[in-house]
>>> print(open('work_37.pdb').read())   # PDB, C-alpha atoms, pLDDT in the B column
ATOM      1  CA  MET K   1      91.111  94.692  90.364  1.00 44.00           C
ATOM      2  CA  SER K   2      93.752  94.803  87.674  1.00 52.00           C
ATOM      3  CA  ASN K   3      97.150  93.696  88.943  1.00 61.00           C
ATOM      4  CA  SER K   4      98.823  96.976  87.995  1.00 70.00           C
ATOM      5  CA  ALA K   5      96.384  99.053  90.035  1.00 86.00           C
ATOM      6  CA  TRP K   6      95.451  96.711  92.862  1.00 89.00           C
ATOM      7  CA  TRP K   7      96.505  99.301  95.461  1.00 90.00           C
ATOM      8  CA  LYS K   8      93.965 101.903  94.282  1.00 91.00           C
ATOM      9  CA  ASP K   9      91.028 100.103  95.864  1.00 91.00           C
ATOM     10  CA  ALA K  10      92.799  97.803  98.327  1.00 93.00           C
ATOM     11  CA  VAL K  11      92.078  97.751 102.056  1.00 94.00           C
ATOM     12  CA  PHE K  12      95.378  98.102 103.945  1.00 95.00           C
ATOM     13  CA  TYR K  13      96.184  97.213 107.533  1.00 96.00           C
ATOM     14  CA  GLN K  14      99.276  98.778 109.103  1.00 97.00           C
ATOM     15  CA  ILE K  15     101.381  96.778 111.529  1.00 97.00           C
ATOM     16  CA  SER K  16     104.092  98.067 113.828  1.00 97.00           C
ATOM     17  CA  PRO K  17     106.024  94.818 114.336  1.00 97.00           C
ATOM     18  CA  ARG K  18     107.279  95.454 117.870  1.00 95.00           C
ATOM     19  CA  SER K  19     103.792  95.947 119.325  1.00 96.00           C
ATOM     20  CA  PHE K  20     101.754  93.472 117.270  1.00 96.00           C
ATOM     21  CA  GLN K  21     102.521  89.842 118.196  1.00 95.00           C
ATOM     22  CA  ASP K  22     105.388  88.350 120.192  1.00 96.00           C
ATOM     23  CA  SER K  23     106.203  84.812 119.057  1.00 96.00           C
ATOM     24  CA  ASN K  24     109.088  83.962 121.398  1.00 95.00           C
ATOM     25  CA  GLY K  25     108.133  85.502 124.728  1.00 95.00           C
ATOM     26  CA  ASP K  26     110.810  88.195 124.826  1.00 96.00           C
ATOM     27  CA  GLY K  27     108.254  90.985 125.151  1.00 96.00           C
ATOM     28  CA  VAL K  28     108.810  92.374 121.643  1.00 97.00           C
ATOM     29  CA  GLY K  29     106.629  91.679 118.617  1.00 97.00           C
ATOM     30  CA  ASP K  30     108.329  90.084 115.635  1.00 98.00           C
ATOM     31  CA  LEU K  31     107.920  88.857 112.061  1.00 98.00           C
ATOM     32  CA  PRO K  32     107.013  85.256 113.019  1.00 98.00           C
ATOM     33  CA  GLY K  33     104.313  86.785 115.198  1.00 98.00           C
ATOM     34  CA  ILE K  34     102.861  88.559 112.157  1.00 97.00           C
ATOM     35  CA  THR K  35     103.026  85.350 110.124  1.00 97.00           C
ATOM     36  CA  SER K  36     101.113  83.459 112.817  1.00 96.00           C
ATOM     37  CA  ARG K  37      98.242  85.939 112.565  1.00 94.00           C
ATOM     38  CA  LEU K  38      97.963  86.132 108.779  1.00 95.00           C
ATOM     39  CA  PRO K  39      94.849  83.896 108.651  1.00 92.00           C
ATOM     40  CA  TYR K  40      93.107  86.540 110.759  1.00 92.00           C
ATOM     41  CA  PHE K  41      93.617  89.019 107.920  1.00 91.00           C
ATOM     42  CA  SER K  42      92.716  86.826 104.951  1.00 85.00           C
ATOM     43  CA  GLY K  43      89.435  86.741 103.111  1.00 65.00           C
ATOM     44  CA  SER K  44      88.115  83.638 104.852  1.00 69.00           C
ATOM     45  CA  GLU K  45      85.057  83.619 107.083  1.00 69.00           C
ATOM     46  CA  ASP K  46      85.488  85.425 110.438  1.00 76.00           C
ATOM     47  CA  SER K  47      88.563  87.267 109.177  1.00 80.00           C
ATOM     48  CA  LEU K  48      89.118  90.953 108.473  1.00 88.00           C
ATOM     49  CA  GLY K  49      89.212  90.374 104.734  1.00 87.00           C
ATOM     50  CA  ILE K  50      91.944  92.906 104.028  1.00 92.00           C
ATOM     51  CA  ASP K  51      93.890  93.067 100.764  1.00 94.00           C
ATOM     52  CA  ALA K  52      97.327  94.204 101.939  1.00 96.00           C
ATOM     53  CA  LEU K  53      99.587  94.714 104.932  1.00 97.00           C
ATOM     54  CA  TRP K  54     101.811  97.731 105.432  1.00 97.00           C
ATOM     55  CA  ILE K  55     104.601  96.702 107.790  1.00 98.00           C
ATOM     56  CA  SER K  56     106.501  99.484 109.569  1.00 98.00           C
ATOM     57  CA  PRO K  57     110.341  99.329 109.618  1.00 98.00           C
ATOM     58  CA  PHE K  58     111.951  96.099 110.793  1.00 98.00           C
ATOM     59  CA  TYR K  59     115.474  96.836 109.532  1.00 98.00           C
ATOM     60  CA  PRO K  60     118.558  96.866 111.783  1.00 98.00           C
ATOM     61  CA  SER K  61     118.475 100.120 113.731  1.00 98.00           C
ATOM     62  CA  PRO K  62     119.691 101.782 116.941  1.00 97.00           C
ATOM     63  CA  MET K  63     115.964 102.527 117.474  1.00 96.00           C
ATOM     64  CA  ILE K  64     116.425 106.220 118.220  1.00 94.00           C
ATOM     65  CA  ASP K  65     113.311 106.821 116.102  1.00 94.00           C
ATOM     66  CA  PHE K  66     111.567 103.462 116.481  1.00 93.00           C
ATOM     67  CA  GLY K  67     113.307 101.941 113.482  1.00 96.00           C
ATOM     68  CA  TYR K  68     113.047 104.892 111.111  1.00 96.00           C
ATOM     69  CA  ASP K  69     116.780 105.411 111.700  1.00 97.00           C
ATOM     70  CA  ILE K  70     118.125 102.557 109.591  1.00 98.00           C
ATOM     71  CA  SER K  71     121.665 101.208 109.908  1.00 98.00           C
ATOM     72  CA  ASN K  72     121.288  98.425 107.299  1.00 98.00           C
ATOM     73  CA  TYR K  73     118.730  98.566 104.492  1.00 98.00           C
ATOM     74  CA  THR K  74     118.973  94.931 103.396  1.00 98.00           C
ATOM     75  CA  ASP K  75     118.468  92.902 106.562  1.00 98.00           C
ATOM     76  CA  VAL K  76     116.128  92.371 109.509  1.00 98.00           C
ATOM     77  CA  ASP K  77     116.851  93.564 113.039  1.00 98.00           C
ATOM     78  CA  THR K  78     117.400  90.540 115.281  1.00 97.00           C
ATOM     79  CA  MET K  79     114.695  91.759 117.689  1.00 96.00           C
ATOM     80  CA  PHE K  80     112.193  91.108 114.883  1.00 98.00           C
ATOM     81  CA  GLY K  81     113.664  87.853 113.564  1.00 98.00           C
ATOM     82  CA  SER K  82     115.683  87.176 110.430  1.00 98.00           C
ATOM     83  CA  LEU K  83     115.608  87.620 106.684  1.00 98.00           C
ATOM     84  CA  ASN K  84     114.362  84.031 106.414  1.00 98.00           C
ATOM     85  CA  ASP K  85     111.479  84.952 108.732  1.00 98.00           C
ATOM     86  CA  PHE K  86     110.547  87.733 106.322  1.00 98.00           C
ATOM     87  CA  LYS K  87     110.669  85.315 103.381  1.00 98.00           C
ATOM     88  CA  THR K  88     108.380  82.943 105.297  1.00 98.00           C
ATOM     89  CA  LEU K  89     105.971  85.805 106.006  1.00 98.00           C
ATOM     90  CA  LEU K  90     105.886  86.713 102.321  1.00 98.00           C
ATOM     91  CA  ALA K  91     105.276  83.131 101.227  1.00 98.00           C
ATOM     92  CA  GLU K  92     102.392  82.670 103.656  1.00 97.00           C
ATOM     93  CA  ALA K  93     100.884  86.045 102.737  1.00 96.00           C
ATOM     94  CA  LYS K  94     100.957  85.152  99.059  1.00 96.00           C
ATOM     95  CA  ARG K  95      99.320  81.810  99.829  1.00 95.00           C
ATOM     96  CA  LEU K  96      96.491  83.724 101.483  1.00 94.00           C
ATOM     97  CA  ASN K  97      96.370  86.317  98.658  1.00 93.00           C
ATOM     98  CA  ILE K  98      97.547  89.148 100.909  1.00 95.00           C
ATOM     99  CA  LYS K  99      99.852  91.788  99.449  1.00 96.00           C
ATOM    100  CA  VAL K 100     102.779  93.013 101.552  1.00 97.00           C
ATOM    101  CA  ILE K 101     104.250  96.498 101.359  1.00 97.00           C
ATOM    102  CA  ILE K 102     107.057  97.766 103.573  1.00 97.00           C
ATOM    103  CA  ASP K 103     108.307 101.155 104.683  1.00 97.00           C
ATOM    104  CA  LEU K 104     110.857 102.753 102.364  1.00 97.00           C
ATOM    105  CA  VAL K 105     112.819 105.212 104.510  1.00 97.00           C
ATOM    106  CA  ILE K 106     115.309 106.852 102.166  1.00 97.00           C
ATOM    107  CA  ASN K 107     115.268 110.521 103.145  1.00 97.00           C
ATOM    108  CA  HIS K 108     117.865 109.783 105.823  1.00 98.00           C
ATOM    109  CA  THR K 109     119.844 106.960 107.384  1.00 98.00           C
ATOM    110  CA  SER K 110     120.970 106.280 110.918  1.00 98.00           C
ATOM    111  CA  ASP K 111     124.216 107.971 111.922  1.00 98.00           C
ATOM    112  CA  GLU K 112     125.410 104.400 112.541  1.00 98.00           C
ATOM    113  CA  HIS K 113     124.902 103.371 108.913  1.00 98.00           C
ATOM    114  CA  PRO K 114     128.229 102.391 107.254  1.00 98.00           C
ATOM    115  CA  TRP K 115     127.630 105.012 104.558  1.00 98.00           C
ATOM    116  CA  PHE K 116     127.565 107.812 107.118  1.00 98.00           C
ATOM    117  CA  LEU K 117     130.460 106.417 109.120  1.00 98.00           C
ATOM    118  CA  GLU K 118     132.495 106.719 105.939  1.00 98.00           C
ATOM    119  CA  ALA K 119     131.065 110.121 105.011  1.00 98.00           C
ATOM    120  CA  ARG K 120     131.901 111.696 108.361  1.00 97.00           C
ATOM    121  CA  SER K 121     135.429 110.278 108.487  1.00 97.00           C
ATOM    122  CA  SER K 122     136.948 112.639 105.922  1.00 97.00           C
ATOM    123  CA  ILE K 123     135.987 115.459 103.575  1.00 96.00           C
ATOM    124  CA  ASP K 124     137.672 113.467 100.805  1.00 97.00           C
ATOM    125  CA  ASN K 125     135.830 110.204 101.474  1.00 97.00           C
ATOM    126  CA  PRO K 126     134.021 108.872  98.348  1.00 97.00           C
ATOM    127  CA  LYS K 127     130.708 108.786 100.258  1.00 98.00           C
ATOM    128  CA  ARG K 128     131.075 112.295 101.667  1.00 98.00           C
ATOM    129  CA  ASN K 129     128.646 113.815  99.189  1.00 98.00           C
ATOM    130  CA  TRP K 130     126.076 111.088  99.724  1.00 98.00           C
ATOM    131  CA  TYR K 131     124.944 113.330 102.588  1.00 98.00           C
ATOM    132  CA  ILE K 132     124.225 117.047 102.963  1.00 98.00           C
ATOM    133  CA  TRP K 133     127.117 119.040 104.435  1.00 98.00           C
ATOM    134  CA  HIS K 134     127.841 122.736 104.882  1.00 97.00           C
ATOM    135  CA  PRO K 135     130.876 124.601 106.295  1.00 96.00           C
ATOM    136  CA  GLY K 136     128.599 127.060 108.056  1.00 95.00           C
ATOM    137  CA  GLN K 137     128.537 130.858 108.064  1.00 92.00           C
ATOM    138  CA  PRO K 138     131.804 132.601 108.987  1.00 89.00           C
ATOM    139  CA  ARG K 139     132.101 134.347 112.335  1.00 83.00           C
ATOM    140  CA  THR K 140     133.004 138.013 112.640  1.00 82.00           C
ATOM    141  CA  GLY K 141     134.332 140.234 115.385  1.00 77.00           C
ATOM    142  CA  PRO K 142     135.185 138.813 118.821  1.00 77.00           C
ATOM    143  CA  ALA K 143     133.666 135.416 118.020  1.00 67.00           C
ATOM    144  CA  LYS K 144     135.979 135.074 115.039  1.00 69.00           C
ATOM    145  CA  ALA K 145     138.964 136.199 117.103  1.00 68.00           C
ATOM    146  CA  ALA K 146     138.068 133.620 119.765  1.00 70.00           C
ATOM    147  CA  GLY K 147     138.132 130.866 117.158  1.00 71.00           C
ATOM    148  CA  LYS K 148     134.526 129.820 117.635  1.00 82.00           C
ATOM    149  CA  ARG K 149     133.140 127.371 115.129  1.00 89.00           C
ATOM    150  CA  PRO K 150     131.129 128.812 112.222  1.00 92.00           C
ATOM    151  CA  LYS K 151     127.481 129.730 112.652  1.00 93.00           C
ATOM    152  CA  ARG K 152     124.872 127.282 111.440  1.00 95.00           C
ATOM    153  CA  PRO K 153     124.089 127.588 107.711  1.00 96.00           C
ATOM    154  CA  ASN K 154     120.470 128.719 108.056  1.00 95.00           C
ATOM    155  CA  ASN K 155     117.321 128.564 110.185  1.00 93.00           C
ATOM    156  CA  TRP K 156     116.046 125.129 109.136  1.00 93.00           C
ATOM    157  CA  ILE K 157     114.377 123.332 112.049  1.00 89.00           C
ATOM    158  CA  SER K 158     114.666 119.777 113.365  1.00 91.00           C
ATOM    159  CA  MET K 159     111.090 118.526 113.589  1.00 87.00           C
ATOM    160  CA  PHE K 160     111.669 116.207 116.546  1.00 90.00           C
ATOM    161  CA  GLU K 161     114.359 118.074 118.480  1.00 90.00           C
ATOM    162  CA  LEU K 162     112.661 121.480 118.007  1.00 85.00           C
ATOM    163  CA  ARG K 163     115.887 123.329 117.362  1.00 89.00           C
ATOM    164  CA  ASN K 164     118.193 124.080 114.440  1.00 94.00           C
ATOM    165  CA  ALA K 165     118.617 121.062 112.179  1.00 95.00           C
ATOM    166  CA  TRP K 166     122.334 121.480 111.446  1.00 97.00           C
ATOM    167  CA  TRP K 167     124.669 119.311 113.532  1.00 97.00           C
ATOM    168  CA  TRP K 168     128.379 119.942 114.007  1.00 97.00           C
ATOM    169  CA  GLU K 169     130.822 117.201 112.997  1.00 96.00           C
ATOM    170  CA  PRO K 170     134.110 117.921 114.849  1.00 94.00           C
ATOM    171  CA  THR K 171     136.231 115.476 112.832  1.00 94.00           C
ATOM    172  CA  THR K 172     135.788 117.330 109.543  1.00 95.00           C
ATOM    173  CA  ARG K 173     134.587 120.622 111.045  1.00 95.00           C
ATOM    174  CA  GLU K 174     131.437 120.927 108.999  1.00 97.00           C
ATOM    175  CA  TYR K 175     127.709 120.709 109.690  1.00 98.00           C
ATOM    176  CA  TYR K 176     125.499 117.879 108.453  1.00 98.00           C
ATOM    177  CA  TYR K 177     121.746 118.228 108.052  1.00 98.00           C
ATOM    178  CA  GLY K 178     119.186 116.193 110.007  1.00 97.00           C
ATOM    179  CA  SER K 179     115.630 117.507 109.871  1.00 94.00           C
ATOM    180  CA  PHE K 180     114.231 114.924 112.319  1.00 95.00           C
ATOM    181  CA  THR K 181     117.000 114.130 114.822  1.00 96.00           C
ATOM    182  CA  ARG K 182     120.777 114.523 114.957  1.00 97.00           C
ATOM    183  CA  ASN K 183     120.945 110.721 114.640  1.00 98.00           C
ATOM    184  CA  GLN K 184     119.246 110.756 111.220  1.00 98.00           C
ATOM    185  CA  PRO K 185     121.566 112.511 108.737  1.00 98.00           C
ATOM    186  CA  GLU K 186     119.887 113.318 105.440  1.00 98.00           C
ATOM    187  CA  VAL K 187     121.115 111.891 102.162  1.00 98.00           C
ATOM    188  CA  ASP K 188     121.636 113.989  99.050  1.00 98.00           C
ATOM    189  CA  TRP K 189     119.238 112.819  96.350  1.00 97.00           C
ATOM    190  CA  ARG K 190     121.058 114.998  93.818  1.00 97.00           C
ATOM    191  CA  ASN K 191     124.051 112.635  94.081  1.00 98.00           C
ATOM    192  CA  PRO K 192     123.830 109.962  91.334  1.00 98.00           C
ATOM    193  CA  GLU K 193     125.823 107.388  93.336  1.00 98.00           C
ATOM    194  CA  LEU K 194     123.527 107.740  96.335  1.00 98.00           C
ATOM    195  CA  LYS K 195     120.515 107.505  94.056  1.00 98.00           C
ATOM    196  CA  GLN K 196     121.800 104.260  92.528  1.00 98.00           C
ATOM    197  CA  ALA K 197     122.514 102.798  95.967  1.00 98.00           C
ATOM    198  CA  MET K 198     118.940 103.546  97.060  1.00 98.00           C
ATOM    199  CA  TYR K 199     117.549 102.032  93.857  1.00 98.00           C
ATOM    200  CA  ASN K 200     119.517  98.887  94.687  1.00 98.00           C
ATOM    201  CA  VAL K 201     117.824  98.823  98.094  1.00 98.00           C
ATOM    202  CA  MET K 202     114.420  99.041  96.406  1.00 97.00           C
ATOM    203  CA  ARG K 203     115.269  96.211  94.023  1.00 98.00           C
ATOM    204  CA  PHE K 204     116.519  94.015  96.880  1.00 98.00           C
ATOM    205  CA  TRP K 205     113.128  93.808  98.607  1.00 98.00           C
ATOM    206  CA  LEU K 206     111.130  93.666  95.380  1.00 98.00           C
ATOM    207  CA  ASP K 207     113.305  90.756  94.237  1.00 98.00           C
ATOM    208  CA  LEU K 208     112.488  88.977  97.519  1.00 97.00           C
ATOM    209  CA  GLY K 209     108.797  89.325  96.691  1.00 97.00           C
ATOM    210  CA  ALA K 210     107.584  92.478  98.449  1.00 97.00           C
ATOM    211  CA  ASP K 211     104.635  93.980  96.564  1.00 96.00           C
ATOM    212  CA  GLY K 212     105.586  97.612  97.019  1.00 96.00           C
ATOM    213  CA  TYR K 213     106.470 100.406  99.392  1.00 96.00           C
ATOM    214  CA  ARG K 214     104.957 102.995 101.636  1.00 96.00           C
ATOM    215  CA  ILE K 215     107.396 105.848 100.989  1.00 95.00           C
ATOM    216  CA  ASP K 216     108.313 107.757 104.138  1.00 94.00           C
ATOM    217  CA  VAL K 217     108.494 111.607 104.082  1.00 93.00           C
ATOM    218  CA  VAL K 218     108.705 111.715 100.277  1.00 92.00           C
ATOM    219  CA  ASN K 219     108.002 115.464 100.413  1.00 90.00           C
ATOM    220  CA  TRP K 220     111.362 116.032 102.148  1.00 90.00           C
ATOM    221  CA  PHE K 221     113.735 114.368  99.676  1.00 94.00           C
ATOM    222  CA  ILE K 222     115.035 117.475  97.885  1.00 95.00           C
ATOM    223  CA  LYS K 223     116.327 120.544  99.744  1.00 95.00           C
ATOM    224  CA  ASP K 224     117.017 124.039  98.493  1.00 96.00           C
ATOM    225  CA  ASP K 225     120.497 123.859  96.971  1.00 94.00           C
ATOM    226  CA  GLN K 226     121.115 127.514  97.879  1.00 96.00           C
ATOM    227  CA  PHE K 227     120.432 126.795 101.573  1.00 96.00           C
ATOM    228  CA  ARG K 228     118.202 129.858 101.936  1.00 96.00           C
ATOM    229  CA  ASN K 229     116.439 130.571 105.232  1.00 94.00           C
ATOM    230  CA  ASN K 230     112.809 129.626 105.540  1.00 89.00           C
ATOM    231  CA  PRO K 231     110.498 132.618 106.014  1.00 84.00           C
ATOM    232  CA  PHE K 232     109.084 132.944 109.526  1.00 76.00           C
ATOM    233  CA  SER K 233     105.486 131.870 110.006  1.00 70.00           C
ATOM    234  CA  PHE K 234     103.119 131.145 112.890  1.00 71.00           C
ATOM    235  CA  ASN K 235     101.797 128.133 111.000  1.00 67.00           C
ATOM    236  CA  VAL K 236     102.764 125.066 113.048  1.00 65.00           C
ATOM    237  CA  ASP K 237     101.231 122.443 110.785  1.00 58.00           C
ATOM    238  CA  PRO K 238     102.827 120.911 108.804  1.00 55.00           C
ATOM    239  CA  ASP K 239     105.985 122.974 109.371  1.00 54.00           C
ATOM    240  CA  LEU K 240     107.300 124.538 112.546  1.00 50.00           C
ATOM    241  CA  PHE K 241     107.391 128.353 112.284  1.00 47.00           C
TER     242      PHE K 241
END
>>> encode(input="work_37.pdb", output="structure tokens")
Amino acid sequence: MSNSAWWKDAVFYQISPRSFQDSNGDGVGDLPGITSRLPYFSGSEDSLGIDALWISPFYPSPMIDFGYDISNYTDVDTMFGSLNDFKTLLAEAKRLNIKVIIDLVINHTSDEHPWFLEARSSIDNPKRNWYIWHPGQPRTGPAKAAGKRPKRPNNWISMFELRNAWWWEPTTREYYYGSFTRNQPEVDWRNPELKQAMYNVMRFWLDLGADGYRIDVVNWFIKDDQFRNNPFSFNVDPDLF
């Protein structure tokens, strides 16, 4: 296989770190546990003979969505080990000629990520437009007279919560968008500063030696900038109604 296209014919094995191998007896799988099992994957006799590992998220996270809600893109959650443990895993994988790709989750962050904590603090915050916000639709009649908050911007659905995907932020009195859970606010890929910050995340792990990424929900990155309603449908796969 040519180096530039090794992934086209490679055999991948996906690992969810927390359920794979526990190295310290705390009941949770971890990166050292993966490292200890790498010979099982290599091309030696009595091994699986795979070409690459895909490791699911191991970043710091509140774990609302099993690590796909990331609160720090450039570190390792302590339940899985440390950044040095990841470097050790990479070094051993390379010694055994195993490629390592990791999950790139950049459609959304955790609502505990420092970027979002800044964005939700003020409409004027420099990171405000790193996320998708909307003032909502104005009320009319008695609801307006009663001072009720604006209606949600449109009918977009939260895939995991099975309800409208717009979530009210009382501090700034606007809605933010989260198409999976309310704890996973979506970033705005039209914002050049956000884009550069995400590119820096990509470079961080590549510079450490990761061989590439499995890109999570890449088909969700860009949203309709006119915030139009989705047409109703009975098709429940891949989208809900």
>>> atom_distance(input="work_37.pdb", atom1="CA of Trp7 in chain K", atom2="CA of Trp205 in chain K")
17.8 Å
>>> closest_residue(input="work_37.pdb", among="K:Asn97, K:Thr181, K:Asn155, K:Asn191", to="Lys127 in chain K", atoms="only C-alpha atoms")
K:Asn191
>>> atom_distance(input="work_37.pdb", atom1="CA of Asp85 in chain K", atom2="CA of Ala10 in chain K")
24.9 Å
>>> resolve_selection(input="work_37.pdb", expression="the PyMOL selection byres ((chain K and resi 157-168) around 10)", output="PDB file with C-alpha atoms, in the coordinates of the input")
ATOM      1  CA  ASP K  65     113.311 106.821 116.102  1.00 94.00           C
ATOM      2  CA  ILE K 132     124.225 117.047 102.963  1.00 98.00           C
ATOM      3  CA  TRP K 133     127.117 119.040 104.435  1.00 98.00           C
ATOM      4  CA  HIS K 134     127.841 122.736 104.882  1.00 97.00           C
ATOM      5  CA  PRO K 135     130.876 124.601 106.295  1.00 96.00           C
ATOM      6  CA  GLY K 136     128.599 127.060 108.056  1.00 95.00           C
ATOM      7  CA  ARG K 149     133.140 127.371 115.129  1.00 89.00           C
ATOM      8  CA  PRO K 150     131.129 128.812 112.222  1.00 92.00           C
ATOM      9  CA  LYS K 151     127.481 129.730 112.652  1.00 93.00           C
ATOM     10  CA  ARG K 152     124.872 127.282 111.440  1.00 95.00           C
ATOM     11  CA  PRO K 153     124.089 127.588 107.711  1.00 96.00           C
ATOM     12  CA  ASN K 154     120.470 128.719 108.056  1.00 95.00           C
ATOM     13  CA  ASN K 155     117.321 128.564 110.185  1.00 93.00           C
ATOM     14  CA  TRP K 156     116.046 125.129 109.136  1.00 93.00           C
ATOM     15  CA  GLU K 169     130.822 117.201 112.997  1.00 96.00           C
ATOM     16  CA  PRO K 170     134.110 117.921 114.849  1.00 94.00           C
ATOM     17  CA  THR K 171     136.231 115.476 112.832  1.00 94.00           C
ATOM     18  CA  THR K 172     135.788 117.330 109.543  1.00 95.00           C
ATOM     19  CA  ARG K 173     134.587 120.622 111.045  1.00 95.00           C
ATOM     20  CA  GLU K 174     131.437 120.927 108.999  1.00 97.00           C
ATOM     21  CA  TYR K 175     127.709 120.709 109.690  1.00 98.00           C
ATOM     22  CA  TYR K 176     125.499 117.879 108.453  1.00 98.00           C
ATOM     23  CA  TYR K 177     121.746 118.228 108.052  1.00 98.00           C
ATOM     24  CA  GLY K 178     119.186 116.193 110.007  1.00 97.00           C
ATOM     25  CA  SER K 179     115.630 117.507 109.871  1.00 94.00           C
ATOM     26  CA  PHE K 180     114.231 114.924 112.319  1.00 95.00           C
ATOM     27  CA  THR K 181     117.000 114.130 114.822  1.00 96.00           C
ATOM     28  CA  ARG K 182     120.777 114.523 114.957  1.00 97.00           C
ATOM     29  CA  ASN K 183     120.945 110.721 114.640  1.00 98.00           C
ATOM     30  CA  PRO K 185     121.566 112.511 108.737  1.00 98.00           C
ATOM     31  CA  ASN K 230     112.809 129.626 105.540  1.00 89.00           C
ATOM     32  CA  PRO K 238     102.827 120.911 108.804  1.00 55.00           C
ATOM     33  CA  ASP K 239     105.985 122.974 109.371  1.00 54.00           C
ATOM     34  CA  LEU K 240     107.300 124.538 112.546  1.00 50.00           C
ATOM     35  CA  PHE K 241     107.391 128.353 112.284  1.00 47.00           C
TER      36      PHE K 241
END
>>> resolve_selection(input="work_37.pdb", expression="the PyMOL selection byres ((chain K and resi 62) around 10)", output="PyMOL selection string")
chain K and resi 59-61+63-71+77+110-113+183
>>> decode(input="work_37.pdb", residues="range 85-99 of chain K", atoms="N, CA, C and O atoms", output="PDB file, in the first residue's frame")
ATOM      1  N   ASP K  85       0.369   8.851  28.430  1.00  0.00           N
ATOM      2  CA  ASP K  85      -0.106   7.494  28.124  1.00  0.00           C
ATOM      3  C   ASP K  85      -0.474   7.380  26.649  1.00  0.00           C
ATOM      4  O   ASP K  85      -0.233   6.340  26.021  1.00  0.00           O
ATOM      5  N   PHE K  86      -1.053   8.441  26.082  1.00  0.00           N
ATOM      6  CA  PHE K  86      -1.378   8.404  24.664  1.00  0.00           C
ATOM      7  C   PHE K  86      -0.105   8.376  23.822  1.00  0.00           C
ATOM      8  O   PHE K  86      -0.024   7.645  22.824  1.00  0.00           O
ATOM      9  N   LYS K  87       0.901   9.145  24.216  1.00  0.00           N
ATOM     10  CA  LYS K  87       2.168   9.146  23.486  1.00  0.00           C
ATOM     11  C   LYS K  87       2.809   7.760  23.533  1.00  0.00           C
ATOM     12  O   LYS K  87       3.367   7.282  22.532  1.00  0.00           O
ATOM     13  N   THR K  88       2.718   7.102  24.685  1.00  0.00           N
ATOM     14  CA  THR K  88       3.269   5.745  24.811  1.00  0.00           C
ATOM     15  C   THR K  88       2.521   4.780  23.908  1.00  0.00           C
ATOM     16  O   THR K  88       3.128   3.928  23.239  1.00  0.00           O
ATOM     17  N   LEU K  89       1.190   4.917  23.852  1.00  0.00           N
ATOM     18  CA  LEU K  89       0.387   4.070  22.974  1.00  0.00           C
ATOM     19  C   LEU K  89       0.801   4.259  21.516  1.00  0.00           C
ATOM     20  O   LEU K  89       0.987   3.279  20.776  1.00  0.00           O
ATOM     21  N   LEU K  90       0.979   5.511  21.116  1.00  0.00           N
ATOM     22  CA  LEU K  90       1.387   5.784  19.737  1.00  0.00           C
ATOM     23  C   LEU K  90       2.743   5.172  19.415  1.00  0.00           C
ATOM     24  O   LEU K  90       2.934   4.572  18.350  1.00  0.00           O
ATOM     25  N   ALA K  91       3.688   5.335  20.333  1.00  0.00           N
ATOM     26  CA  ALA K  91       5.037   4.814  20.094  1.00  0.00           C
ATOM     27  C   ALA K  91       5.026   3.293  19.938  1.00  0.00           C
ATOM     28  O   ALA K  91       5.684   2.740  19.044  1.00  0.00           O
ATOM     29  N   GLU K  92       4.273   2.621  20.802  1.00  0.00           N
ATOM     30  CA  GLU K  92       4.210   1.160  20.722  1.00  0.00           C
ATOM     31  C   GLU K  92       3.467   0.714  19.467  1.00  0.00           C
ATOM     32  O   GLU K  92       3.856  -0.273  18.818  1.00  0.00           O
ATOM     33  N   ALA K  93       2.412   1.435  19.096  1.00  0.00           N
ATOM     34  CA  ALA K  93       1.686   1.088  17.871  1.00  0.00           C
ATOM     35  C   ALA K  93       2.582   1.224  16.650  1.00  0.00           C
ATOM     36  O   ALA K  93       2.577   0.360  15.755  1.00  0.00           O
ATOM     37  N   LYS K  94       3.360   2.288  16.609  1.00  0.00           N
ATOM     38  CA  LYS K  94       4.258   2.482  15.469  1.00  0.00           C
ATOM     39  C   LYS K  94       5.317   1.381  15.422  1.00  0.00           C
ATOM     40  O   LYS K  94       5.708   0.921  14.345  1.00  0.00           O
ATOM     41  N   ARG K  95       5.791   0.969  16.600  1.00  0.00           N
ATOM     42  CA  ARG K  95       6.776  -0.111  16.644  1.00  0.00           C
ATOM     43  C   ARG K  95       6.207  -1.386  16.043  1.00  0.00           C
ATOM     44  O   ARG K  95       6.929  -2.159  15.385  1.00  0.00           O
ATOM     45  N   LEU K  96       4.914  -1.594  16.222  1.00  0.00           N
ATOM     46  CA  LEU K  96       4.252  -2.790  15.717  1.00  0.00           C
ATOM     47  C   LEU K  96       3.619  -2.564  14.342  1.00  0.00           C
ATOM     48  O   LEU K  96       2.896  -3.422  13.844  1.00  0.00           O
ATOM     49  N   ASN K  97       3.871  -1.391  13.755  1.00  0.00           N
ATOM     50  CA  ASN K  97       3.362  -1.045  12.418  1.00  0.00           C
ATOM     51  C   ASN K  97       1.832  -1.000  12.396  1.00  0.00           C
ATOM     52  O   ASN K  97       1.186  -1.429  11.431  1.00  0.00           O
ATOM     53  N   ILE K  98       1.252  -0.448  13.459  1.00  0.00           N
ATOM     54  CA  ILE K  98      -0.188  -0.260  13.537  1.00  0.00           C
ATOM     55  C   ILE K  98      -0.483   1.242  13.461  1.00  0.00           C
ATOM     56  O   ILE K  98       0.075   2.031  14.223  1.00  0.00           O
ATOM     57  N   LYS K  99      -1.336   1.638  12.539  1.00  0.00           N
ATOM     58  CA  LYS K  99      -1.745   3.029  12.457  1.00  0.00           C
ATOM     59  C   LYS K  99      -2.781   3.325  13.548  1.00  0.00           C
ATOM     60  O   LYS K  99      -3.521   2.435  13.975  1.00  0.00           O
TER      61      LYS K  99
END
